[in-house]
Each structure stands twice: as C-alpha cells, then as structure tokens.
Amino acid sequence: MNSENNQTLSDAEQERLSLFLDGALPPNEAADVERLVAEDPAWKSAHRALKITGEMLRAPVERHAAAARFDGLWGGIEQRLPASEREPSLLDRLKAFLRPPVMIGLAAAAAAAAYVATRPSTAPTPEAPAPGRLATHSPESATAVAESEPVIIEGIESAGQKTVLVSQPVEPNGATVIWTLDAPAPESQPGSNIPAASDDDPI
Amino acid sequence: MEVKSAMTSMDPPDAELVEKVKQGDRHAFRRLVERHRDRIHRVALGMLRNPDDAMDVVQEVFIRVHGRIQEFKGESAFGTWLVRVTVNYCIDRQRRQKTWDARFVIDNEWEGVSEYGPEHKLMNAQMGEALRRALSELGEEHRTAIMLREVNGLTYEEIAEVMGCPKGTVMSRLHHARKKLQLALRPFLEEAGERDLAGRAGEGVRRRE
C-alpha cells in the first residue's frame with residue numbers, strides 16, 4: 001500500500017484519496033479509505049495536507065467574499081449598457097403578468113360585462129338577439145354595431161396558438177365588446193427544430 | 001455548491017429572465033445581476049486572488065454577457081455559462097498581465113488552519129508563500145480546476161462543462177494539482193507535527209524561539 005518509511009502514498013493511492021475527498025468513491029471504497037486515514041500514518045498525513053490546502057485556498061476568498069459590497073455595481077453596469085435599450089413599458093409588464101390563459105379569461109369576463117351593460121334592463125323581448133349574438137338590444141344599436149369597424153387591440157401567441165383580441169365599440173352608450181379569436185397554428189418549418197451547431201460558447 | 005442567491009419561490013427562473021433580456025428588458029437583466037453577482041465574485045476571487053480585480057471582473061463579465069446574450073441558447077444552465085465566461089475572462093486577464101504569481105495576494109489576516117491557530121503566524125506565512133509558489137507553478141488548467149473545486153465547490157460535471165473537457169480530464173487535473181500542492185506544504189506539516197509532539201513535552205514554542 002505505502003511506504004511507512006517515507007510516509008508517502010503512491011500515485012494511485014493519492015488519486016483514490018482525492019476522489020474520497022470529493023465524495024466520489026462508492027460507499028464501500030470510501031469506508032476503506034476512511035479506515036486507512038484513521039490507521040495509516042501516510043494516509044493520515046496526506047489527508048491532513050489536502051484538507052489544509054483546501055482551507056488555505058478558501059480562507060481568503062471566504063473573507064473577501066463576506067466583506068464584498070456591490071452598491072455601485074448595477075450603476076456601473078447600467079452606464080455601459082446600450083442607450084437604446086429601454087425599461088419595459090407598462091404594457092410589456094402587463095403582458096408578462098397576464099399570460100394568454102389569463103388574457104382570454106379576462107377578455108371573456110370583459111365581454112360578459114359588456115353584454116350585461118348593454119342588455120335591456122327589462123325582461124327579454126321579442127327583439128332579443130339570437131343565441132350566440134351579443135349586445136344588440138335594439139335595431140338601432142344593431143345597426144350601429146354593424147357600421148362600427150372592429151379594432152384589433154392585441155395579438156397573443158402561445159405554444160403555436162395565436163389568439164387575437166378584438167374590441168368592438170357599441171354605440172350609443174359607449175360600451176365595448178371584446179372578442180377573442182383563435183387563429184390556426186402556423187405550419188411548422190422543416191428543420192426548424194434542429195439545434196444550432198454551436199453550443200453556448202463562452203465569450 | 002453553496003450559492004448565495006436572492007432567489008425566492010416567487011422569482012422567475014433564469015431562463016425566463018434571459019428571454020426578457022433578449023427582448024431588451026433591462027429590469028430583467030438587473031435581476032440576473034443581483035442573483036448571480038456573489039457567485040461570479042467568488043469565482044473571480046478564487047481565480048485572481050485579488051479583491052479589486054475580482055470586483056472589476058464581476059462588472060466586466062456582466063457587461064460581456066449582456067452584449068452576447070443572444071448567443072446563449074440555453075443548452076447549459078445560465079449560471080454555468082456565467083461561470084464559464086468568468087473563468088475565460090480571468091484567464092485572458094492573467095495572460096495579458098503575464099504575472100499571475102505577482103498578482104497573488106497573500107492573505108496577511110489569515111489566522112491559520114484551525115488545528116494550529118493564530119500563534120503560528122510565521123509558519124502560516126511560510127505555508128502561504130509555499131502555496132503561492134506551487135500554485136504559480138501549476139498549469140493554468142490545473143489551477144483553474146482546483147480553484148473551481150476547492151473554492152467554488154463545483155462538481156466534476158460542472159467543472160467539465162465550464163472548462164469544456166471530459167469529466168475524466170477534470171479528475172486527472174484535480175489529482176495532479178492536489179499532489180503538487182500537497183508536496184509544497186508537506187515540509188511545514190511534518191515540522192508542525194514534530195512541534196506538536198514536542199509541545200506536549202513542554203518544549204513547543206520555546207524551542208522555536
């Protein structure tokens with residue numbers, strides 16, 4: 001195993017000790033090394049030297065890391081970022097917060113609210129709209145809706161599924177109906193999922 | 001690996017923030033900086049052993065990363081990519097200066113290994129000098145591997161990813177580096193062992209004085 005006279009380990013033994021310190025040995029081998037470190041002077045000496053080496057390497061780093069202050073770090077970085085880059089707008093943050101399912105739910109709720117707002121307050125009349133049609137409680141308003149152009153306010157894409165939110169003003173009371181329209185998913189491009197040849201290269 | 005992080009369960013994952021940064025979201029980048037700055041600082045401290053240089057490196061690395069964020073494809077963890085960028089930057093810096101060992105700062109406030117204590121300051125200083133010399137004599141790759149393992153606690157797999165080499169190569173480099181460093185410290189440790197024995201007989205410190 002080793003020479004008791006010169007108190008050194010062979011190269012293979014050193015490598016085994018290195019693996020032991022890194023917790024990379026299987027349990028039975030680790031137990032064997034643990035026993036050698038406890039009983040064999042050469043193993044004990046080498047083990048102690050490696051532990052102290054690690055401590056000497058870590059000590060100054062730990063001390064300086066603990067004392068580090070990053071107060072001016074972001075300011076220094078920000079000064080050197082491209083000036084054209086912008087802070088996220090309110091709409092960007094809203095979009096990030098309101099994921100597509102939330103947006104669709106919100107649009108549905110808005111549509112329902114608009115329907116309630118534009119519905120006649122009395123009991124249903126013979127002029128009530130057919131099922132599936134919204135917000136036309138009189139011939140006049142129906143005409144107004146037909147004449148007003150829908151306005152697309154937002155397009156959302158999630159997992160290949162596109163959803164378009166459309167606002168439709170309803171005159172004369174100013175209420176707005178919001179529609180959600182699911183567009184068909186685009187055809188996938190052949191080879192579009194082939195990863196790039198290069199990995200995340202270091203800079 | 002012990003990674004100081006300000007991340008909470010409510011924070012978006014790195015990948016999400018990276019995508020936002022790619023869209024020009026500076027706020028998202030700031031969150032990434034705050035999340036990873038400690039880790040990058042520790043890597044730079046381990047590589048350069050100089051607190052002032054290490055803080056410079058943190059800033060430079062994040063500016064580099066921001067400029068090349070479009071190249072990050074998410075094939076490795078963002079944190080690992082950051083460490084890789086940091087290591088490469090530190091190596092470039094060392095090569096430019098060509099004086100790695102001169103930049104190595106001996107930690108005068110180091111109180112010594114726990115088993116000896118502050119009363120052995122002279123020996124600690126000698127050991128520090130021996131370690132500095134041994135580190136400077138190590139090849140760049142061996143030195144990087146031992147620092148990432150001992151100081152930053154990276155696993156073999158993480159070191160392999162950072163250094164762009166097989167895991168077996170990492171194990172070999174660590175073994176080689178440890179052997180060299182251990183040999184450098186061995187005379188001091190043997191002397192300390194003898195002194196400990198002498199100390200038990202009441203001759204310890206007086207004999208050295």
# chains A, B, ... in the order shown; residues from 1 in each chain; ligands from 1
call {"tool": "interface_residues", "arguments": {"of": "chain B", "to": "chain A", "cutoff": "6 Å", "atoms": "only C-alpha atoms", "output": "number ranges by chain"}}
result
B: 24-26, 45, 72-73, 85, 107, 150-151, 175, 182
call {"tool": "atom_distance", "arguments": {"atom1": "CA of Ser10 in chain A", "atom2": "CA of Cys165 in chain B"}}
result
26.1 Å
call {"tool": "residues_around", "arguments": {"residues": "range 50-57 of chain B", "least_positions_apart": "2", "cutoff": "9 Å", "atoms": "only C-alpha atoms", "output": "list in words"}}
result
Val61, His64, Ala65, Ala68, Phe70 and Leu73 of chain A; Ile40, His41, Arg42, Val43, Ala44, Leu45, Gly46, Met47, Leu48, Gln59, Glu60, Val61, Phe62, Thr86, Tyr89, Cys90, Arg103, Phe104 and Val105 of chain B
call {"tool": "atom_distance", "arguments": {"atom1": "CA of Ile146 in chain B", "atom2": "CA of Arg37 in chain B"}}
result
21.3 Å
